[in-house]
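So this one's run_14.cif, mmCIF, C-alpha atoms and all ligand atoms:
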```cif
data_work
loop_
_atom_site.label_atom_id
_atom_site.label_comp_id
_atom_site.auth_asym_id
_atom_site.auth_seq_id
_atom_site.Cartn_x
_atom_site.Cartn_y
_atom_site.Cartn_z
CA MET A 299 -4.56 34.57 -64.65
CA GLY A 300 -7.03 35.56 -67.36
CA THR A 301 -8.45 33.43 -70.14
CA MET A 302 -5.99 30.92 -71.45
CA SER A 303 -5.88 29.24 -74.78
CA GLU A 304 -4.04 26.19 -75.97
CA MET A 305 -1.35 26.79 -78.54
CA LYS A 306 -0.17 24.42 -81.23
CA ILE A 307 3.03 22.59 -80.34
CA LEU A 308 5.58 22.42 -83.13
CA TYR A 309 7.28 19.12 -83.79
CA TYR A 310 10.87 18.62 -84.80
CA PRO A 311 12.19 19.30 -87.48
CA HIS A 312 10.17 22.55 -87.63
CA GLU A 313 12.71 25.32 -88.32
CA ILE A 314 11.53 27.55 -85.44
CA LEU A 315 12.80 24.85 -83.05
CA THR A 316 16.33 25.38 -84.32
CA THR A 317 16.20 29.20 -84.49
CA PRO A 318 17.40 31.30 -81.52
CA ALA A 319 14.65 33.38 -79.85
CA LYS A 320 14.98 37.11 -79.16
CA ASP A 321 15.08 38.92 -75.82
CA VAL A 322 11.76 40.24 -74.58
CA GLY A 323 11.80 44.01 -74.05
CA GLU A 324 8.99 45.02 -71.75
CA VAL A 325 7.06 42.47 -69.68
CA ASP A 326 3.56 43.72 -70.46
CA ASP A 327 0.05 42.27 -70.65
CA GLU A 328 0.76 40.75 -74.06
CA ILE A 329 3.75 38.86 -72.62
CA ARG A 330 1.73 37.77 -69.57
CA LYS A 331 -1.00 36.42 -71.86
CA LEU A 332 1.60 34.47 -73.84
CA LEU A 333 3.11 33.08 -70.63
CA ASP A 334 -0.33 31.92 -69.52
CA ASP A 335 -1.07 30.32 -72.88
CA ILE A 336 2.28 28.51 -72.78
CA ALA A 337 1.52 27.26 -69.25
CA GLU A 338 -1.96 26.10 -70.31
CA THR A 339 -0.50 24.29 -73.32
CA MET A 340 2.11 22.64 -71.07
CA TYR A 341 -0.59 21.42 -68.64
CA LEU A 342 -2.89 20.13 -71.38
CA ASN A 343 -0.03 18.15 -72.90
CA LYS A 344 1.22 16.89 -69.53
CA GLY A 345 4.65 18.45 -69.92
CA ILE A 346 6.84 19.77 -67.11
CA GLY A 347 8.39 22.51 -69.24
CA LEU A 348 7.60 24.39 -72.44
CA ALA A 349 9.45 27.17 -74.25
CA GLY A 350 8.31 29.91 -76.65
CA ASN A 351 9.97 28.31 -79.68
CA GLN A 352 7.87 25.18 -79.19
CA VAL A 353 4.67 27.15 -79.78
CA GLY A 354 6.08 29.17 -82.66
CA LEU A 355 7.21 32.23 -80.69
CA LEU A 356 10.76 33.48 -81.14
CA LYS A 357 10.63 35.18 -77.75
CA LYS A 358 12.63 34.13 -74.69
CA LEU A 359 9.72 32.74 -72.67
CA VAL A 360 9.78 29.56 -70.59
CA CYS A 361 7.23 27.86 -68.33
CA ILE A 362 8.15 25.06 -65.96
CA GLU A 363 6.17 23.17 -63.36
CA ILE A 364 7.45 20.02 -61.75
CA PRO A 365 4.57 18.39 -59.90
CA ASP A 366 4.87 16.79 -56.45
CA ASN A 367 5.85 13.15 -56.61
CA GLU A 368 5.88 11.55 -53.16
CA GLU A 369 6.99 8.15 -54.49
CA GLN A 370 10.14 9.64 -56.01
CA GLY A 371 10.57 12.13 -53.18
CA ILE A 372 10.15 15.09 -55.53
CA LYS A 373 8.80 18.31 -54.10
CA GLY A 374 6.86 20.26 -56.71
CA THR A 375 8.04 23.65 -57.91
CA GLY A 376 4.74 25.41 -58.50
CA LEU A 377 4.42 27.26 -61.79
CA LEU A 378 7.58 29.09 -62.87
CA GLN A 379 7.09 31.59 -65.68
CA MET A 380 10.37 33.00 -66.90
CA VAL A 381 11.20 35.84 -69.26
CA ASN A 382 14.73 36.09 -70.69
CA PRO A 383 16.11 33.27 -68.50
CA LYS A 384 19.89 33.03 -68.57
CA ILE A 385 22.26 30.57 -66.93
CA LEU A 386 25.05 32.33 -65.06
CA GLU A 387 26.86 29.32 -63.63
CA ALA A 388 26.65 25.58 -64.14
CA GLY A 389 28.50 22.85 -62.31
CA ASP A 390 28.96 19.10 -62.00
CA GLU A 391 27.38 16.54 -64.26
CA ILE A 392 24.25 14.43 -64.21
CA GLU A 393 22.75 12.04 -66.75
CA PHE A 394 19.00 11.98 -66.95
CA GLN A 395 16.40 10.43 -69.25
CA GLU A 396 14.57 13.26 -70.98
CA GLY A 397 11.54 13.60 -73.18
CA CYS A 398 10.34 16.65 -75.13
CA LEU A 399 6.87 17.71 -76.27
CA SER A 400 8.38 18.58 -79.67
CA PHE A 401 9.66 14.99 -80.03
CA PRO A 402 6.63 12.86 -79.12
CA GLY A 403 7.61 9.33 -78.16
CA LEU A 404 11.38 9.90 -77.95
CA TYR A 405 13.24 9.46 -74.65
CA ILE A 406 17.00 9.77 -74.47
CA ASP A 407 19.71 10.01 -71.82
CA VAL A 408 21.27 13.46 -71.80
CA LYS A 409 24.29 14.66 -69.84
CA ARG A 410 23.90 18.08 -68.29
CA ALA A 411 25.11 20.15 -65.36
CA SER A 412 23.61 18.97 -62.09
CA GLU A 413 23.46 22.49 -60.66
CA VAL A 414 22.72 25.84 -62.22
CA THR A 415 22.45 29.45 -61.15
CA LEU A 416 20.15 31.45 -63.33
CA GLU A 417 18.59 34.84 -63.72
CA TYR A 418 15.19 35.62 -65.17
CA LEU A 419 12.37 38.14 -65.05
CA ASP A 420 9.06 36.98 -63.64
CA ARG A 421 5.61 37.85 -65.05
CA ASP A 422 5.78 41.24 -63.33
CA GLY A 423 9.19 42.04 -64.78
CA LYS A 424 10.93 41.49 -61.43
CA LEU A 425 14.48 40.10 -61.62
CA HIS A 426 15.17 36.80 -59.84
CA ARG A 427 18.41 34.95 -59.32
CA ILE A 428 18.00 31.34 -58.24
CA HIS A 429 20.15 28.28 -57.71
CA SER A 430 18.73 24.86 -58.47
CA ASP A 431 19.78 21.25 -58.72
CA GLY A 432 18.33 17.83 -59.55
CA LEU A 433 15.35 17.54 -61.88
CA LEU A 434 14.64 21.29 -61.87
CA ALA A 435 18.21 22.07 -63.01
CA VAL A 436 17.80 19.55 -65.84
CA VAL A 437 14.46 21.00 -66.96
CA ILE A 438 15.81 24.57 -66.80
CA GLN A 439 18.74 23.64 -69.07
CA HIS A 440 16.44 21.77 -71.48
CA GLU A 441 14.09 24.77 -71.78
CA ILE A 442 16.84 27.39 -72.01
CA ASP A 443 18.33 25.31 -74.81
CA HIS A 444 14.99 25.62 -76.66
CA ILE A 445 15.13 29.42 -76.66
CA LYS A 446 18.68 29.19 -78.03
CA GLY A 447 17.44 26.98 -80.87
CA ILE A 448 19.06 23.88 -79.39
CA VAL A 449 17.11 20.62 -79.04
CA PHE A 450 17.93 17.72 -76.70
CA VAL A 451 19.27 15.40 -79.41
CA ASP A 452 21.95 18.03 -80.11
CA HIS A 453 23.66 16.83 -76.92
CA LEU A 454 24.28 13.39 -78.38
CA VAL A 455 27.39 12.42 -80.32
CA PRO A 456 26.65 12.35 -84.10
CA LYS A 457 26.15 8.58 -84.30
CA ALA A 458 23.75 8.49 -81.32
CA LYS A 459 21.90 11.54 -82.65
CA LYS A 460 21.37 9.86 -86.00
CA ARG A 461 20.05 6.75 -84.26
CA ALA A 462 17.72 8.79 -82.01
CA LEU A 463 16.32 10.75 -84.97
CA LYS A 464 15.70 7.53 -86.87
CA GLU A 465 13.84 6.10 -83.87
CA TYR A 466 11.86 9.36 -83.59
CA GLU A 467 10.84 9.26 -87.26
CA GLN A 468 9.66 5.67 -86.89
CA THR A 469 7.70 6.43 -83.70
CA LYS A 470 6.18 9.53 -85.33
CA HIS A 471 4.89 7.44 -88.21
CA LYS A 472 3.35 4.92 -85.81
CA MET A 473 1.72 7.69 -83.77
CA GLY A 474 0.35 9.31 -86.91
CA ASN A 475 1.98 12.66 -86.14
CA ASN A 476 3.38 13.10 -89.58
CO CO B 501 11.71 20.14 -75.08
#
```

Represent the structure from my file as structure tokens, please.
Amino acid sequence: MGTMSEMKILYYPHEILTTPAKDVGEVDDEIRKLLDDIAETMYLNKGIGLAGNQVGLLKKLVCIEIPDNEEQGIKGTGLLQMVNPKILEAGDEIEFQEGCLSFPGLYIDVKRASEVTLEYLDRDGKLHRIHSDGLLAVVIQHEIDHIKGIVFVDHLVPKAKKRALKEYEQTKHKMGNN
């Protein structure tokens, strides 16, 4: 990886967060640089996933890295940098407490598929098809939602969404992120 720079994370309700991103054509040096900057921004903000939309890019780019966690028996993923990721199949259901770097301070339970099969291009433009479950499947769905312009509160029923957004606004004021 070359020089990396931190990007500014957009907070909800920034309109780019609710706008679908576009497919990336060629995976070139410019795209690789963006992928590295997204990864750097994710590390610096202690996230386990970050999508293009969250740093103001309407390009289908996603970085994920789940670190090792021996206590919870989680085996780390290493850095995954995905271009044009797409879910092909999803099955079963899991409920998981999620956070999001674009919603500082908000944690909500979200129901998602517990297993997914997806396709993406890596940083060299090589096509991969992988199957994942558990935490990685959850993070993949959360990040792929971002590039579709969907945010995690959109999975809540209207009443719960309203309540979550109210809580988020209050937390945001306390944290001085307004
Ligand atoms: Co997020």

- Return the single residue from A:Cys398, A:Glu387, A:Glu369, A:Ile438 that is closest to Met340 of chain A, with distances computed using only C-alpha atoms. A:Cys398

Distance query Ile364 of chain A at most 9 Å, all atoms listed in the file, self and fewer than 3 positions along chain excluded, as a PDB file with C-alpha atoms, in the frame of the given file:
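This went into result35.pdb:
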```pdb
ATOM      1  CA  GLY A 345       4.650  18.450 -69.920  1.00  0.00           C
ATOM      2  CA  ILE A 346       6.840  19.770 -67.110  1.00  0.00           C
ATOM      3  CA  GLY A 347       8.390  22.510 -69.240  1.00  0.00           C
ATOM      4  CA  ASN A 367       5.850  13.150 -56.610  1.00  0.00           C
ATOM      5  CA  ILE A 372      10.150  15.090 -55.530  1.00  0.00           C
ATOM      6  CA  LYS A 373       8.800  18.310 -54.100  1.00  0.00           C
ATOM      7  CA  GLY A 374       6.860  20.260 -56.710  1.00  0.00           C
ATOM      8  CA  THR A 375       8.040  23.650 -57.910  1.00  0.00           C
ATOM      9  CA  GLY A 376       4.740  25.410 -58.500  1.00  0.00           C
ATOM     10  CA  LEU A 377       4.420  27.260 -61.790  1.00  0.00           C
ATOM     11  CA  LEU A 433      15.350  17.540 -61.880  1.00  0.00           C
ATOM     12  CA  LEU A 434      14.640  21.290 -61.870  1.00  0.00           C
ATOM     13  CA  VAL A 437      14.460  21.000 -66.960  1.00  0.00           C
TER      14      VAL A 437
END
```

- Environment of ligand CO 501 (chain B) within 8 Å, counting all atoms listed in the file, reported as a PyMOL selection string: chain A and resi 347-349+352+397-401+440-441+444+449-450

- Message: Restricting the calculation to only C-alpha atoms: of A:Met305, A:Ala435, A:Val451, A:Ala319, which residue gets closest to Tyr341 of chain A?
- Response: A:Met305

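Atom to atom, atom CA of Gly350 of chain A and atom CA of Asp334 of chain A stand 11.4 Å apart.
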
- Query: What lies within 12 Å of Leu419 of chain A using only C-alpha atoms, ignoring chain neighbours under 6 positions off, as a VMD selection string?
  - Reply: chain A and resid 321 to 326 329 to 330 333 358 to 361 378 to 384 425 to 428

Using the selection just defined, write its residues with C-alpha atoms as a PDB file, in the coordinates of the input.
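Produced file selection-v1.pdb, reproduced below:
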```
ATOM      1  CA  ASP A 321      15.080  38.920 -75.820  1.00  0.00           C
ATOM      2  CA  VAL A 322      11.760  40.240 -74.580  1.00  0.00           C
ATOM      3  CA  GLY A 323      11.800  44.010 -74.050  1.00  0.00           C
ATOM      4  CA  GLU A 324       8.990  45.020 -71.750  1.00  0.00           C
ATOM      5  CA  VAL A 325       7.060  42.470 -69.680  1.00  0.00           C
ATOM      6  CA  ASP A 326       3.560  43.720 -70.460  1.00  0.00           C
ATOM      7  CA  ILE A 329       3.750  38.860 -72.620  1.00  0.00           C
ATOM      8  CA  ARG A 330       1.730  37.770 -69.570  1.00  0.00           C
ATOM      9  CA  LEU A 333       3.110  33.080 -70.630  1.00  0.00           C
ATOM     10  CA  LYS A 358      12.630  34.130 -74.690  1.00  0.00           C
ATOM     11  CA  LEU A 359       9.720  32.740 -72.670  1.00  0.00           C
ATOM     12  CA  VAL A 360       9.780  29.560 -70.590  1.00  0.00           C
ATOM     13  CA  CYS A 361       7.230  27.860 -68.330  1.00  0.00           C
ATOM     14  CA  LEU A 378       7.580  29.090 -62.870  1.00  0.00           C
ATOM     15  CA  GLN A 379       7.090  31.590 -65.680  1.00  0.00           C
ATOM     16  CA  MET A 380      10.370  33.000 -66.900  1.00  0.00           C
ATOM     17  CA  VAL A 381      11.200  35.840 -69.260  1.00  0.00           C
ATOM     18  CA  ASN A 382      14.730  36.090 -70.690  1.00  0.00           C
ATOM     19  CA  PRO A 383      16.110  33.270 -68.500  1.00  0.00           C
ATOM     20  CA  LYS A 384      19.890  33.030 -68.570  1.00  0.00           C
ATOM     21  CA  LEU A 425      14.480  40.100 -61.620  1.00  0.00           C
ATOM     22  CA  HIS A 426      15.170  36.800 -59.840  1.00  0.00           C
ATOM     23  CA  ARG A 427      18.410  34.950 -59.320  1.00  0.00           C
ATOM     24  CA  ILE A 428      18.000  31.340 -58.240  1.00  0.00           C
TER      25      ILE A 428
END
```

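The interatomic distance for the pair atom CA of Lys306 of chain A and atom CA of Ile448 of chain A works out to 19.3 Å.
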
- Find, counting only C-alpha atoms, the residue in A:Asn343, A:Gln395, A:Gln370, A:Asn351 that gets nearest to Pro318 of chain A. A:Asn351

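Across the model, the gap from atom CA of Leu454 of chain A to atom CA of Leu386 of chain A is 23.2 Å.
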
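Residue nearest Thr415 of chain A, chosen from A:Ile385, A:Tyr310, A:Ile442, A:Val436 and counting all atoms listed in the file: A:Ile385.
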
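Nearest to Gly432 of chain A of all the residues A:Glu417, A:Glu393, A:Lys470, A:Asp327 is A:Glu393, based on all atoms listed in the file.
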
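Candidate residues A:Leu356, A:Leu416, A:Ile362, A:Met473 were compared for distance to Glu313 of chain A, and the nearest is A:Leu356, using all atoms listed in the file.
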
- Message: Show me, as a VMD selection string, the residues that have an atom within 7 Å of Ala388 of chain A when counting only C-alpha atoms, minus same-chain residues fewer than 3 positions from it.
- Response: chain A and resid 411 413 to 415

Grab the residues selected above and save them as a PDB file, keeping the file's coordinate frame with C-alpha atoms.
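Listing of selection08.pdb after writing:
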```pdb
ATOM      1  CA  ALA A 411      25.110  20.150 -65.360  1.00  0.00           C
ATOM      2  CA  GLU A 413      23.460  22.490 -60.660  1.00  0.00           C
ATOM      3  CA  VAL A 414      22.720  25.840 -62.220  1.00  0.00           C
ATOM      4  CA  THR A 415      22.450  29.450 -61.150  1.00  0.00           C
TER       5      THR A 415
END
```
